Every structure is written in structure tokens, then in C-alpha cells.
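File shown here: start-v9.txt, holding compact mmCIF, C-alpha atoms.
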# COMPACT_ATOMS: atom_id res chain seq x y z
CA MET W 1 22.66 2.79 14.33
CA ARG W 2 21.99 0.67 17.41
CA GLY W 3 19.32 3.19 18.43
CA VAL W 4 17.54 2.76 15.11
CA LEU W 5 17.65 -1.01 15.45
CA MET W 6 16.23 -0.78 18.98
CA VAL W 7 13.33 1.36 17.75
CA PHE W 8 12.64 -1.21 15.01
CA VAL W 9 12.65 -4.06 17.51
CA ALA W 10 10.46 -2.12 19.93
CA GLY W 11 7.97 -1.38 17.15
CA ALA W 12 7.81 -5.01 16.11
CA ALA W 13 7.44 -6.14 19.71
CA ALA W 14 4.63 -3.66 20.39
CA MET W 15 2.68 -4.85 17.40
CA SER W 16 3.30 -8.52 17.99
CA ALA W 17 1.69 -8.07 21.41
CA ALA W 18 -1.57 -7.29 19.64
CA PRO W 19 -4.36 -9.88 19.86
CA PRO W 20 -4.42 -12.60 17.18
CA ALA W 21 -6.04 -11.38 14.01
CA ARG W 22 -6.82 -12.52 10.50
CA ALA W 23 -5.91 -10.35 7.58
CA HIS W 24 -6.92 -9.93 3.95
CA ALA W 25 -7.33 -13.24 2.12
CA PHE W 26 -5.01 -13.30 -0.90
CA LEU W 27 -4.72 -16.17 -3.37
CA ASP W 28 -1.89 -18.47 -2.32
CA HIS W 29 -2.10 -20.94 -5.20
CA ALA W 30 -4.62 -22.68 -7.42
CA SER W 31 -5.33 -25.87 -9.32
CA PRO W 32 -5.04 -25.62 -12.28
CA PRO W 33 -2.19 -23.20 -11.51
CA VAL W 34 -2.50 -19.51 -12.37
CA GLY W 35 -1.65 -18.94 -16.04
CA SER W 36 -0.95 -22.62 -16.69
CA SER W 37 -1.50 -24.86 -19.71
CA VAL W 38 -2.89 -28.27 -18.78
CA PRO W 39 -3.12 -31.33 -21.06
CA ALA W 40 -6.61 -32.41 -19.99
CA ALA W 41 -9.80 -30.73 -18.82
CA PRO W 42 -9.89 -30.52 -15.00
CA PRO W 43 -13.17 -31.53 -13.31
CA VAL W 44 -12.83 -28.85 -10.64
CA VAL W 45 -11.04 -25.56 -9.95
CA THR W 46 -9.58 -25.24 -6.46
CA LEU W 47 -8.22 -22.04 -4.92
CA TRP W 48 -6.19 -21.88 -1.71
CA PHE W 49 -6.11 -18.55 0.15
CA THR W 50 -3.84 -17.09 2.78
CA GLN W 51 -6.69 -16.69 5.30
CA ASP W 52 -9.93 -18.42 6.23
CA LEU W 53 -13.01 -17.42 4.21
CA GLU W 54 -16.58 -16.43 5.01
CA PRO W 55 -18.66 -18.93 3.02
CA ALA W 56 -21.67 -16.65 2.58
CA PHE W 57 -19.64 -13.96 0.83
CA SER W 58 -17.02 -15.93 -1.09
CA THR W 59 -17.53 -17.10 -4.63
CA VAL W 60 -15.77 -18.07 -7.84
CA THR W 61 -16.88 -18.38 -11.46
CA VAL W 62 -15.25 -19.86 -14.55
CA THR W 63 -16.03 -18.58 -18.05
CA ASN W 64 -14.89 -19.49 -21.53
CA ALA W 65 -13.51 -17.16 -24.20
CA ALA W 66 -17.06 -16.20 -25.17
CA GLY W 67 -17.83 -15.14 -21.60
CA GLN W 68 -20.19 -18.07 -20.95
CA ARG W 69 -20.22 -19.77 -17.54
CA VAL W 70 -18.69 -23.25 -17.70
CA ASP W 71 -18.77 -23.99 -13.98
CA LEU W 72 -21.43 -25.97 -12.13
CA ALA W 73 -22.25 -23.10 -9.71
CA ASN W 74 -21.54 -25.42 -6.79
CA VAL W 75 -19.07 -23.28 -4.84
CA GLN W 76 -17.83 -25.13 -1.80
CA ILE W 77 -15.58 -24.35 1.16
CA PRO W 78 -14.62 -27.64 2.84
CA GLN W 79 -15.35 -27.71 6.56
CA ASP W 80 -11.88 -28.98 7.33
CA SER W 81 -10.16 -26.47 5.03
CA PRO W 82 -11.78 -23.03 5.48
CA ALA W 83 -9.18 -21.26 3.35
CA GLU W 84 -10.02 -23.37 0.30
CA LEU W 85 -12.60 -22.58 -2.37
CA ARG W 86 -13.75 -25.15 -4.96
CA ILE W 87 -16.10 -25.17 -7.90
CA GLY W 88 -16.96 -27.99 -10.28
CA LEU W 89 -16.65 -27.65 -14.04
CA LYS W 90 -18.66 -28.88 -16.99
CA PRO W 91 -16.70 -31.01 -19.50
CA LEU W 92 -14.41 -28.48 -21.13
CA ALA W 93 -13.05 -28.31 -24.66
CA PRO W 94 -9.52 -27.10 -25.38
CA GLY W 95 -9.25 -23.35 -25.03
CA THR W 96 -8.57 -20.56 -22.55
CA TYR W 97 -10.74 -20.11 -19.46
CA LEU W 98 -11.07 -17.22 -17.03
CA VAL W 99 -11.36 -17.82 -13.27
CA SER W 100 -12.85 -14.88 -11.34
CA TRP W 101 -12.98 -14.98 -7.55
CA HIS W 102 -14.31 -12.65 -4.90
CA VAL W 103 -13.86 -13.63 -1.28
CA VAL W 104 -14.29 -12.18 2.19
CA SER W 105 -11.92 -13.24 4.95
CA VAL W 106 -13.37 -14.06 8.35
CA ASP W 107 -12.48 -10.58 9.61
CA THR W 108 -14.66 -9.02 6.82
CA HIS W 109 -11.88 -7.88 4.47
CA PRO W 110 -12.98 -8.38 0.85
CA THR W 111 -10.49 -9.22 -1.93
CA GLU W 112 -10.87 -10.28 -5.54
CA GLY W 113 -8.86 -11.50 -8.49
CA THR W 114 -8.85 -13.17 -11.89
CA PHE W 115 -6.55 -15.50 -13.78
CA THR W 116 -6.64 -17.72 -16.83
CA PHE W 117 -5.68 -21.30 -17.56
CA GLU W 118 -5.49 -23.08 -20.89
CA ILE W 119 -6.48 -26.60 -21.90
CA LYS W 120 -4.17 -27.70 -24.66
CA PRO W 121 -5.70 -29.06 -27.88
CA MET A 1 -19.09 -27.46 11.40
CA ARG A 2 -16.33 -25.04 12.22
CA PRO A 3 -17.75 -22.06 14.14
CA THR A 4 -17.48 -18.81 12.17
CA LEU A 5 -19.45 -15.61 12.01
CA TYR A 6 -21.59 -17.43 9.47
CA ASN A 7 -23.12 -19.61 12.17
CA ASP A 8 -24.59 -16.69 14.05
CA ARG A 9 -27.51 -15.12 12.23
CA ARG A 10 -27.13 -11.75 13.96
CA ALA A 11 -23.42 -11.69 13.25
CA LEU A 12 -24.14 -12.62 9.64
CA PHE A 13 -26.57 -9.72 9.35
CA ALA A 14 -24.02 -7.35 10.88
CA LEU A 15 -21.36 -8.63 8.51
CA ALA A 16 -23.68 -8.17 5.53
CA ALA A 17 -24.43 -4.61 6.63
CA ALA A 18 -20.74 -3.85 7.07
CA LEU A 19 -19.94 -5.27 3.65
CA MET A 20 -22.77 -3.30 2.08
CA ILE A 21 -21.42 -0.08 3.55
CA THR A 22 -17.95 -1.00 2.37
CA ARG A 23 -19.19 -1.79 -1.13
CA ILE A 24 -21.18 1.42 -1.38
CA ASN A 25 -18.27 3.55 -0.35
CA GLY A 26 -15.75 1.55 -2.28
CA ALA A 27 -13.03 2.34 0.22
CA LEU A 28 -11.44 -0.85 1.50
CA ALA A 29 -8.33 0.63 3.14
CA HIS A 30 -5.03 -1.15 2.67
CA GLY A 31 -4.38 0.16 -0.85
CA MET A 32 -6.73 -2.12 -2.78
CA ALA A 33 -8.24 -1.30 -6.19
CA GLY A 34 -9.93 -4.37 -7.65
CA GLU A 35 -7.37 -7.16 -7.68
CA ARG A 36 -4.43 -4.75 -7.28
CA PHE A 37 -2.68 -4.30 -3.94
CA PHE A 38 -0.71 -1.08 -3.64
CA PRO A 39 1.86 -1.20 -0.83
CA ALA A 40 2.56 1.86 1.29
CA THR A 41 5.55 3.53 -0.34
CA ILE A 42 8.32 5.30 1.52
CA LEU A 43 8.79 8.50 -0.48
CA THR A 44 5.54 8.86 -2.40
CA ASP A 45 2.37 9.66 -0.46
CA ASP A 46 -0.11 6.78 -0.71
CA PRO A 47 -3.22 7.39 -2.84
CA PHE A 48 -5.57 5.76 -0.36
CA VAL A 49 -6.97 6.38 3.09
CA ALA A 50 -5.76 3.73 5.48
CA ASP A 51 -5.31 2.52 9.03
CA GLU A 52 -1.57 2.06 9.04
CA ILE A 53 1.48 3.19 10.98
CA SER A 54 5.15 3.48 10.11
CA LEU A 55 6.95 2.58 13.30
CA PRO A 56 9.57 3.66 12.55
CA GLN A 57 11.10 4.94 9.35
CA ALA A 58 14.81 5.63 9.63
CA SER A 59 16.87 7.42 7.01
CA LEU A 60 20.43 8.58 6.54
CA ASN A 61 20.28 11.31 3.93
CA PRO A 62 23.04 11.95 1.39
CA PRO A 63 25.44 14.76 2.35
CA ALA A 64 24.16 18.19 1.33
CA LEU A 65 26.12 20.75 -0.69
CA ASP A 66 27.83 22.00 2.50
CA ASN A 67 28.60 18.40 3.52
CA SER A 68 26.13 18.49 6.39
CA GLN A 69 24.24 15.23 6.82
CA LEU A 70 20.83 14.64 8.35
CA THR A 71 19.62 11.47 10.05
CA ASN A 72 15.87 11.02 10.64
CA ILE A 73 13.81 8.61 12.69
CA GLU A 74 10.14 9.23 12.09
CA ILE A 75 6.72 7.88 12.92
CA ASP A 76 3.69 8.35 10.67
CA LEU A 77 0.12 7.34 11.45
CA SER A 78 -2.72 7.15 8.91
CA LYS A 79 -6.24 6.79 10.33
CA ARG A 80 -9.58 6.52 8.58
CA ILE A 81 -12.32 8.70 10.07
CA THR A 82 -14.98 7.40 7.69
CA PRO A 83 -14.51 4.82 4.94
CA ASN A 84 -13.61 7.63 2.52
CA THR A 85 -11.88 10.21 4.72
CA GLY A 86 -8.78 10.05 6.81
CA ILE A 87 -6.10 11.94 8.64
CA ILE A 88 -2.36 11.55 8.85
CA ILE A 89 -0.01 12.71 11.56
CA GLY A 90 3.72 12.38 11.80
CA ASP A 91 6.85 13.68 13.44
CA GLU A 92 10.51 12.85 13.44
CA TRP A 93 13.63 13.05 15.48
CA GLN A 94 16.49 14.56 13.51
CA HIS A 95 20.22 14.59 14.00
CA LEU A 96 22.33 17.02 11.99
CA ARG A 97 26.06 16.67 11.57
CA ALA A 98 27.94 19.49 9.90
CA PRO A 99 31.68 19.94 9.39
CA GLY A 100 33.34 22.24 11.89
CA VAL A 101 30.39 22.62 14.24
CA PRO A 102 28.96 20.43 17.00
CA SER A 103 26.23 18.07 15.85
CA VAL A 104 22.70 18.85 17.00
CA GLY A 105 19.59 16.78 17.48
CA GLY A 106 15.93 17.50 18.09
CA LEU A 107 12.37 17.08 16.95
CA GLY A 108 11.41 18.04 13.43
CA PRO A 109 8.17 19.86 12.67
CA LEU A 110 4.77 18.30 13.30
CA ARG A 111 3.15 17.12 10.09
CA THR A 112 -0.60 16.55 9.69
CA GLY A 113 -2.94 15.96 6.78
CA ALA A 114 -6.59 15.55 5.88
CA GLN A 115 -7.55 13.19 3.08
CA TYR A 116 -10.56 12.40 0.92
CA GLN A 117 -10.73 9.29 -1.25
CA LEU A 118 -11.90 10.75 -4.54
CA PHE A 119 -12.39 7.45 -6.37
CA ILE A 120 -11.49 3.78 -6.48
CA ASP A 121 -11.93 2.13 -9.87
CA GLY A 122 -11.52 -1.61 -9.33
CA PRO A 123 -11.68 -2.84 -12.94
CA HIS A 124 -9.05 -0.29 -14.00
CA GLN A 125 -7.01 -0.63 -10.80
CA ALA A 126 -7.06 3.14 -10.31
CA LEU A 127 -7.17 5.28 -7.17
CA GLY A 128 -7.43 9.02 -6.60
CA LEU A 129 -7.11 10.99 -3.38
CA LEU A 130 -7.27 14.69 -2.48
CA GLY A 131 -5.26 15.86 0.48
CA LEU A 132 -4.31 18.94 2.41
CA ASN A 133 -1.04 18.49 4.27
CA VAL A 134 0.30 20.92 6.83
CA ILE A 135 3.81 21.32 8.20
CA TRP A 136 3.37 23.30 11.38
CA GLY A 137 5.74 26.13 12.25
CA HIS A 138 7.30 26.48 15.69
CA THR A 139 6.78 22.77 16.44
CA GLY A 140 10.35 21.58 16.02
CA ARG A 141 13.89 22.60 16.78
CA THR A 142 15.09 25.24 14.33
CA ALA A 143 18.71 24.14 14.78
CA VAL A 144 17.90 20.93 12.87
CA GLY A 145 15.97 22.80 10.18
CA ALA A 146 12.44 22.91 11.59
CA PRO A 147 10.68 25.99 10.17
CA ASP A 148 9.35 28.97 12.08
CA PHE A 149 6.42 29.15 9.68
CA THR A 150 3.55 26.87 8.65
CA THR A 151 3.34 25.43 5.14
CA LEU A 152 0.07 24.34 3.50
CA SER A 153 0.25 21.70 0.77
CA PRO A 154 -2.82 20.73 -1.27
CA THR A 155 -2.12 17.50 -3.15
CA PHE A 156 -3.63 15.06 -5.61
CA ASP A 157 -2.38 11.51 -5.14
CA PHE A 158 -3.12 8.77 -7.64
CA GLY A 159 -2.39 5.12 -8.33
CA LYS A 160 -2.77 2.99 -11.44
CA GLY A 161 -2.12 -0.70 -11.89
CA PHE A 162 -1.64 -2.08 -15.37
CA GLY A 163 -3.46 -5.37 -14.84
CA ASP A 164 -6.16 -4.21 -17.24
CA ILE A 165 -3.91 -4.23 -20.30
CA PRO A 166 -4.38 -7.24 -22.63
CA ARG A 167 -3.47 -10.62 -21.15
CA SER A 168 -1.36 -11.18 -24.27
CA LEU A 169 1.21 -8.91 -22.56
CA PRO A 170 1.37 -10.87 -19.31
CA TYR A 171 4.60 -9.56 -17.85
CA LEU A 172 3.64 -5.91 -18.25
CA ARG A 173 0.51 -6.42 -16.15
CA PRO A 174 2.35 -6.47 -12.76
CA PHE A 175 3.52 -2.86 -13.30
CA ALA A 176 1.88 -0.08 -11.30
CA ILE A 177 2.54 3.57 -10.68
CA THR A 178 1.53 5.87 -7.87
CA GLY A 179 2.15 9.59 -7.81
CA ASN A 180 1.71 12.94 -6.09
CA LEU A 181 1.11 16.35 -7.60
CA GLY A 182 0.95 19.25 -5.19
CA PHE A 183 1.99 22.71 -4.16
CA ASN A 184 3.68 23.99 -1.02
CA PHE A 185 2.51 27.40 0.19
CA PRO A 186 4.51 28.83 3.12
CA THR A 187 2.48 31.18 5.26
CA GLN A 188 5.52 33.43 5.69
CA ALA A 189 7.33 34.95 2.71
CA THR A 190 10.79 35.18 4.27
CA THR A 191 12.76 33.93 7.23
CA ALA A 192 15.64 36.15 8.38
CA GLY A 193 15.68 37.78 4.96
CA VAL A 194 15.79 34.48 3.07
CA PRO A 195 12.76 33.87 0.83
CA ASN A 196 10.46 30.92 1.48
CA PRO A 197 9.35 30.02 -2.05
CA ASN A 198 6.07 28.51 -3.13
CA ASN A 199 6.91 25.14 -4.62
CA PHE A 200 5.51 22.64 -7.09
CA ALA A 201 6.13 19.21 -5.58
CA TYR A 202 5.75 16.04 -7.59
CA GLY A 203 6.81 12.45 -7.21
CA PHE A 204 6.18 8.98 -8.55
CA ALA A 205 6.68 5.36 -7.51
CA PHE A 206 7.17 2.77 -10.24
CA GLU A 207 6.39 -0.69 -8.90
CA TYR A 208 6.62 -4.25 -10.22
CA SER A 209 4.52 -6.57 -8.11
CA PHE A 210 5.63 -10.18 -7.61
CA PRO A 211 2.38 -10.87 -5.66
CA TYR A 212 0.45 -9.78 -8.74
CA ILE A 213 2.41 -12.17 -10.96
CA GLU A 214 1.57 -15.06 -8.67
CA CYS A 215 -2.11 -14.25 -8.13
CA CYS A 216 -3.19 -13.02 -11.49
CA VAL A 217 -0.64 -13.63 -14.27
CA LYS A 218 1.25 -16.91 -13.91
CA ASP A 219 2.30 -19.17 -11.08
CA ILE A 220 6.03 -19.15 -11.69
CA GLY A 221 6.76 -21.04 -8.51
CA LEU A 222 7.65 -18.13 -6.26
CA ARG A 223 6.85 -18.84 -2.63
CA PRO A 224 7.11 -16.63 0.48
CA PRO A 225 9.03 -14.51 1.10
CA PHE A 226 9.92 -14.02 -2.59
CA SER A 227 6.30 -14.02 -3.74
CA GLN A 228 5.69 -11.04 -1.42
CA LEU A 229 8.36 -8.75 -2.86
CA ILE A 230 7.65 -5.54 -4.75
CA PRO A 231 10.73 -3.94 -6.34
CA LEU A 232 10.23 -0.25 -7.00
CA VAL A 233 11.89 3.02 -7.91
CA GLU A 234 10.63 6.24 -6.36
CA VAL A 235 11.43 9.76 -7.50
CA SER A 236 10.48 13.07 -5.91
CA PHE A 237 11.15 16.65 -6.98
CA THR A 238 10.45 20.13 -5.68
CA THR A 239 10.57 23.16 -7.99
CA PRO A 240 10.17 26.76 -6.77
CA ILE A 241 7.44 28.67 -8.56
CA SER A 242 7.89 32.01 -6.84
CA ARG A 243 10.44 33.96 -4.77
CA ALA A 244 13.30 31.81 -6.13
CA PRO A 245 14.77 30.90 -9.53
CA ALA A 246 12.91 28.08 -11.26
CA ASN A 247 16.15 26.23 -11.91
CA GLN A 248 16.50 25.46 -8.21
CA THR A 249 14.81 22.08 -8.54
CA THR A 250 15.86 19.50 -5.99
CA GLY A 251 14.95 15.86 -5.72
CA THR A 252 15.94 12.30 -5.02
CA ILE A 253 15.80 8.96 -6.82
CA GLN A 254 15.20 5.98 -4.57
CA PRO A 255 15.43 2.41 -5.90
CA GLY A 256 14.45 -0.24 -3.39
CA ILE A 257 12.24 -3.13 -2.45
CA ILE A 258 9.20 -3.75 -0.24
CA TRP A 259 8.26 -7.03 1.38
CA ALA A 260 4.54 -7.11 2.19
CA GLY A 261 3.28 -9.62 4.74
CA PRO A 262 -0.18 -10.17 6.21
CA TYR A 263 0.19 -7.67 9.05
CA PHE A 264 3.16 -5.50 8.20
CA GLN A 265 5.61 -4.64 5.49
CA ILE A 266 9.30 -3.84 5.44
CA GLY A 267 10.84 -1.48 2.91
CA ALA A 268 14.38 -0.41 2.12
CA GLU A 269 15.61 2.09 -0.44
CA ALA A 270 18.82 3.78 -1.46
CA ILE A 271 18.67 7.59 -1.61
CA ILE A 272 20.42 9.13 -4.60
CA PRO A 273 20.45 12.90 -5.11
CA ALA A 274 18.85 13.78 -8.45
CA ASN A 275 21.20 16.72 -9.01
CA ARG A 276 24.16 18.55 -7.51
CA LEU A 277 21.90 21.08 -5.81
CA THR A 278 20.29 18.28 -3.79
CA GLY A 279 23.55 16.86 -2.51
CA HIS A 280 26.10 14.23 -3.34
CA GLY A 281 26.93 10.67 -2.43
CA TYR A 282 24.32 8.21 -1.27
CA GLY A 283 21.98 7.65 1.60
CA GLY A 284 19.47 5.02 2.62
CA VAL A 285 16.10 4.56 4.28
CA VAL A 286 14.37 1.60 5.94
CA GLN A 287 10.78 1.39 7.08
CA LEU A 288 8.72 -0.93 9.25
CA HIS A 289 5.06 -0.37 8.44
CA PHE A 290 2.06 -2.00 10.15
CA TYR A 291 -1.45 -2.58 8.79
CA LEU A 292 -3.68 -1.62 11.72
CA ASP A 293 -6.80 -2.74 9.83
CA ASP A 294 -5.43 -6.28 9.75
CA ILE A 295 -3.97 -6.32 13.25
CA PHE A 296 -7.05 -4.79 14.90
CA PRO A 297 -9.85 -5.57 12.40
CA ARG A 298 -12.67 -5.16 14.91
CA SER A 299 -11.50 -2.12 16.86
CA ILE A 300 -9.01 0.66 16.06
CA GLY A 301 -8.37 -0.80 12.62
CA ARG A 302 -11.83 0.26 11.49
CA PRO A 303 -12.86 3.82 10.54
CA VAL A 304 -13.75 5.94 13.58
CA SER A 305 -17.31 6.26 12.23
CA GLU A 306 -17.71 2.47 12.68
CA TRP A 307 -16.49 2.32 16.26
CA TRP A 308 -19.99 2.60 17.72

Could you write out this structure as C-alpha cells?
Amino acid sequence: MRGVLMVFVAGAAAMSAAPPARAHAFLDHASPPVGSSVPAAPPVVTLWFTQDLEPAFSTVTVTNAAGQRVDLANVQIPQDSPAELRIGLKPLAPGTYLVSWHVVSVDTHPTEGTFTFEIKP
Amino acid sequence: MRPTLYNDRRALFALAAALMITRINGALAHGMAGERFFPATILTDDPFVADEISLPQASLNPPALDNSQLTNIEIDLSKRITPNTGIIIGDEWQHLRAPGVPSVGGLGPLRTGAQYQLFIDGPHQALGLLGLNVIWGHTGRTAVGAPDFTTLSPTFDFGKGFGDIPRSLPYLRPFAITGNLGFNFPTQATTAGVPNPNNFAYGFAFEYSFPYIECCVKDIGLRPPFSQLIPLVEVSFTTPISRAPANQTTGTIQPGIIWAGPYFQIGAEAIIPANRLTGHGYGGVVQLHFYLDDIFPRSIGRPVSEWW
């Protein structure tokens, strides 16, 4: 069993000697939170990712139950927070909204996802 | 402004070209189909071409009918040649203990495979892959069970995530299944008078993805490492279709868990014989598996066709 453990440790050590890299960007958390119900309409949707993003190839949209865009199309990645994606929202009525994101991490790996949030009546 | 590729026009153009090629071919490596991430599973062949390496996978198999017990330590490499084609190569060191005889150790047979990514359907979180796997004869020590004949195995591997079912069923959406359907054709009918049957080989992995809950269903407050766990149950069976009775099916059931990080994943499963013919008791397997496309994104982690 010690031999197996040594092979595991050797494997981990060999790979940790690799040059620093950046991996796929997955959604870490969001505001409003994924699948949440919020009491008031948020002015902005903010997504935080696990890796830094390429601004030119990263975007997010927000649509209502009828499939109409309700965002302001002003996607922004703050200079001091390159793993964060924001978009402003029009004044929203109570209902369920779909957030759809597609991002590219700085090492060119694309990822995408969707989630909903609800504004309570 | 923080320097990124974006600030360099030539780099931006190169990135756009690379992304366009990726989008056209649809093959993103790393087990992605739309918003679904499929981890590399231990027992079930993955339904995607990839740049990944298991280094190592160690297993203690359940005792066989004759109470012999096999320990394996194996290495498996998957490498993309183009965005849609890949190869796999693997080998293992085996140690066999049997009652009443000295234990023996040695290399198992060399295993290789060629793969073609048949489709990736992002909206439906579906993957399909055609493969031809080969277990090469005379490449391992026969005393530990390595064959003296080559076996060809055409396979169809698939994956399906259930994130496309209605959002009114939120906690069913993290489910996913991957599977293999294939045949094993030995190139030699018998060995020392014992038949080498053609086999139908099939297996499935049933997964429930905590990362998918957090990203796409509901933020239930899980944070790493718990938000990176994927509990799963894998099953695999082999049924002779010629040269042996059809009721000689063998297989294992393997419940376990995978933790998937940014650059590697760790998996552990129990090994339970599916029937008496397979063995008795319990075994276990652990795997350390690296994502070469994330560790070396600009060199060996890319398809060979994009190296120049």
C-alpha cells in the first residue's frame, strides 16, 4: 500500500512542477444567487468565475419568461476583477428571469451556462 | 489596464481563429457538452476525446472464485490528435496472490485505442464517440493473466446530461449518464485448449453533479471542496456471445465519488462483484487524474494538429 501512495505522491509532484496555468472558467457564484427568489428587482446581475476572463469573448444576457432581453447590453469586466462579469438590467417586474452566460478564460477555454432567478410579487 | 491577450491585436486575432476552429469542430476536450461537465470516470470509458492522464489508478480487486486476488497500478493517457480525434494508451503493473502458490507480479498487456468524436450536442448535453480499442497480445506477463493473443474492441461511448429537462424539476437536472456499448473480438479462438469467446461488453456511469446544482440549478451554499463533488455509481458487464455459454456474464458494481478541481480530479470507488461468477467480497479503486489541457493549455494540452 505504501508503494501505491508513493506513486500517487510522485504523480502529484510531477504535475505540480508544471508551469502556472489557468483552467476552464466555471461559475463560482452570482448575484442574484443561482435559483434564488429576491424581494426586489436588482439593478445589475454579477457573475464571479473561477478563472480570469477574456473580455472580447465573454458575454451574458438576461431574458424574461417571454424570451425578451431585459438587460442593458452593457457587459463589463472590471479592470481590478478580471474574473467578474456584470450586466445592467432594465427595471424588472416580478417574475422569473433567465441568465445565460458564455465566457472564455484567458487560456482560451470556452464554457457556458444558464440559471434563473425570481423576483417575488 | 491589466495586460491580457486582449491587449495584443495579433494575439487577439490568433485567439479568435483558435476559438473559431474550436466552435466549428465543437470538440472542447475536458468532457464538456454545453453547460454540462462530465468528469473522467474510473470504470466507464469517457465519451469524449481529451488531453488527460490517470497517474496512477490503483485497484485491489475482490477475490475471484478461486480466492486469487489481483492488485493493479495503471497509467492511462488520452491525447487529442485533432479537435475531434484522439488516441489512448495504457498499461498496468499487476500483482496476483493465489492460495497455495507464490504470488507473482508483472506488467499487464499494452492497451491502445483510436477515437472519433461523433457529436457534441450542447443544448441537449449529449456526447457520442466511436472507438476502436486494442489489447495487445504478448505484451505482458502471462503469469498475471496477460493474454497471448490480441483483442479488438469496437465501441460506442455516449454521455447525456439531464439539464435540459424542465426547470420545474430542478433536482433531477444534475443527473447524467455515460455509457459504453462494445464487442471484444479475440484474434485467437483458443488458448491451450480453452476458448477465447467473443464478448458483448457494456457499462454505465450514473452521476449526480454537485457542481451542476451550484452553477445552474440553485445556489444551496455548497463551497469547495463540497461543491466540486460528483457522487456516482458505475456498472460494467461482459457477456460471451460465442464459444462460451451466454450465462457466463461477469461484471462489477462500483459506487463512489469524484472530486473535480481546476487541474486534476480524484476518484474513489468500492468494487462489488455483480454475481458469484465474478468473485466475492469487496475491493476498491482510487484514481488521480490530471487535465493536461488545463495544465499545459498552450503546448501539449492542445491537439497535436495545433502544435505548429

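CA of Ala244 in chain A is found 13.1 Å from CA of Pro186 in chain A.
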
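Comparing A:Phe210, A:Phe296, A:Phe119, A:Tyr282 by their smallest distance to chain W, the closest is A:Phe296 (using all atoms listed in the file).
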
Selected residue of minimal separation from Thr96 in chain W among A:Ser168, A:Ala189, A:Ile230, A:Ala58, counting all atoms listed in the file
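The answer is A:Ser168, which sits nearest to Thr96 in chain W.
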
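Here CA of Val70 in chain W stands at a distance of 6.1 Å from CA of Leu89 in chain W.
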
Would you mind reading off the distance between CA of Pro240 in chain A and CA of Gly90 in chain A, one decimal, in Å?
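Going from CA of Pro240 in chain A over to CA of Gly90 in chain A, I get 24.4 Å.
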
Kindly determine which residues of chain W lie within 6 Å of chain A, considering all atoms listed in the file, and give the answer as JSON, numbers by chain.
{"W": [11, 21, 23, 27, 34, 35, 112, 113, 114, 115]}

I'd like the neighbourhood of Ser105 in chain W as a list in words, where a residue qualifies if any of its atoms comes within 9 Å (using only C-alpha atoms), though same-chain residues fewer than 3 positions away should be ignored.
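Answer for this query is Arg22, Ala23, His24, Ala25, Gln51, Asp52, Leu53, Glu54, Phe57, Ser58, Ala83, Thr108, His109, Pro110 and Thr111 of chain W.
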
Closest of W:Leu47, W:Ile119, W:Ala30, W:Ala73 to Ala93 in chain W - atom-to-atom distances counting all atoms listed in the file:
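Comparing W:Leu47, W:Ile119, W:Ala30, W:Ala73 against Ala93 in chain W, the winner is W:Ile119.
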
A:Thr71, A:Asn247, A:Gln94, A:Thr238 ranked by distance to Leu181 in chain A, top pick (using all atoms listed in the file)
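The closest residue to Leu181 in chain A is A:Thr238.
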
Of the listed residues A:Asn196, A:Pro39, A:Leu77, A:Gln254, that which approaches Ile53 in chain A most closely, counting all atoms listed in the file
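Using all atoms listed in the file, the shortest distance to Ile53 in chain A belongs to A:Leu77.
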
Pick out the closest residue to Arg111 in chain A from this set: A:Ile88, A:Ile81, A:Ile272, A:Leu172. Count only C-alpha atoms.
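The shortest atom-to-atom distance to Arg111 in chain A comes from A:Ile88.
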
Enumerate, as number ranges by chain, the protein, DNA and RNA residues whose atoms approach (15.5, 20.6, 14.5) to within 9 Å, taking into account all atoms listed in the file and the coordinate frame of the file.
A: 93-96, 104-109, 140-147

Residues around (-12.0, -28.7, -22.7), cut-off 9 Å, counting only C-alpha atoms - what are they as a list of chain:residue names?
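Here is the list of nearby residues: W:Ala40, W:Ala41, W:Pro42, W:Lys90, W:Pro91, W:Leu92, W:Ala93, W:Pro94, W:Gly95, W:Thr96, W:Glu118, W:Ile119, W:Lys120, W:Pro121.
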
Add whatever atoms are absent from range 85-96 of chain W to reach N, CA and C atoms, and provide the output as a tab-separated table (two decimals), in the frame of the given file.
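And here's rebuild-v4.tsv as it stands now:
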chain	number	residue	atom	x	y	z
W	85	LEU	N	-11.37	-22.82	-1.62
W	85	LEU	CA	-12.60	-22.58	-2.37
W	85	LEU	C	-12.58	-23.48	-3.60
W	86	ARG	N	-13.70	-24.22	-3.82
W	86	ARG	CA	-13.75	-25.15	-4.96
W	86	ARG	C	-14.99	-24.89	-5.77
W	87	ILE	N	-14.91	-25.18	-7.06
W	87	ILE	CA	-16.10	-25.17	-7.90
W	87	ILE	C	-15.93	-26.23	-8.99
W	88	GLY	N	-17.01	-26.96	-9.25
W	88	GLY	CA	-16.96	-27.99	-10.28
W	88	GLY	C	-17.10	-27.39	-11.68
W	89	LEU	N	-16.62	-28.13	-12.66
W	89	LEU	CA	-16.65	-27.65	-14.04
W	89	LEU	C	-17.43	-28.61	-14.93
W	90	LYS	N	-18.08	-28.05	-15.94
W	90	LYS	CA	-18.66	-28.88	-16.99
W	90	LYS	C	-17.51	-29.48	-17.81
W	91	PRO	N	-17.77	-30.50	-18.61
W	91	PRO	CA	-16.70	-31.01	-19.50
W	91	PRO	C	-16.23	-29.89	-20.43
W	92	LEU	N	-14.93	-29.63	-20.40
W	92	LEU	CA	-14.41	-28.48	-21.13
W	92	LEU	C	-13.65	-28.91	-22.38
W	93	ALA	N	-13.81	-28.11	-23.43
W	93	ALA	CA	-13.05	-28.31	-24.66
W	93	ALA	C	-11.73	-27.56	-24.54
W	94	PRO	N	-10.76	-27.89	-25.39
W	94	PRO	CA	-9.52	-27.10	-25.38
W	94	PRO	C	-9.81	-25.62	-25.59
W	95	GLY	N	-9.04	-24.79	-24.94
W	95	GLY	CA	-9.25	-23.35	-25.03
W	95	GLY	C	-8.75	-22.66	-23.78
W	96	THR	N	-9.01	-21.36	-23.69
W	96	THR	CA	-8.57	-20.56	-22.55
W	96	THR	C	-9.78	-20.20	-21.69
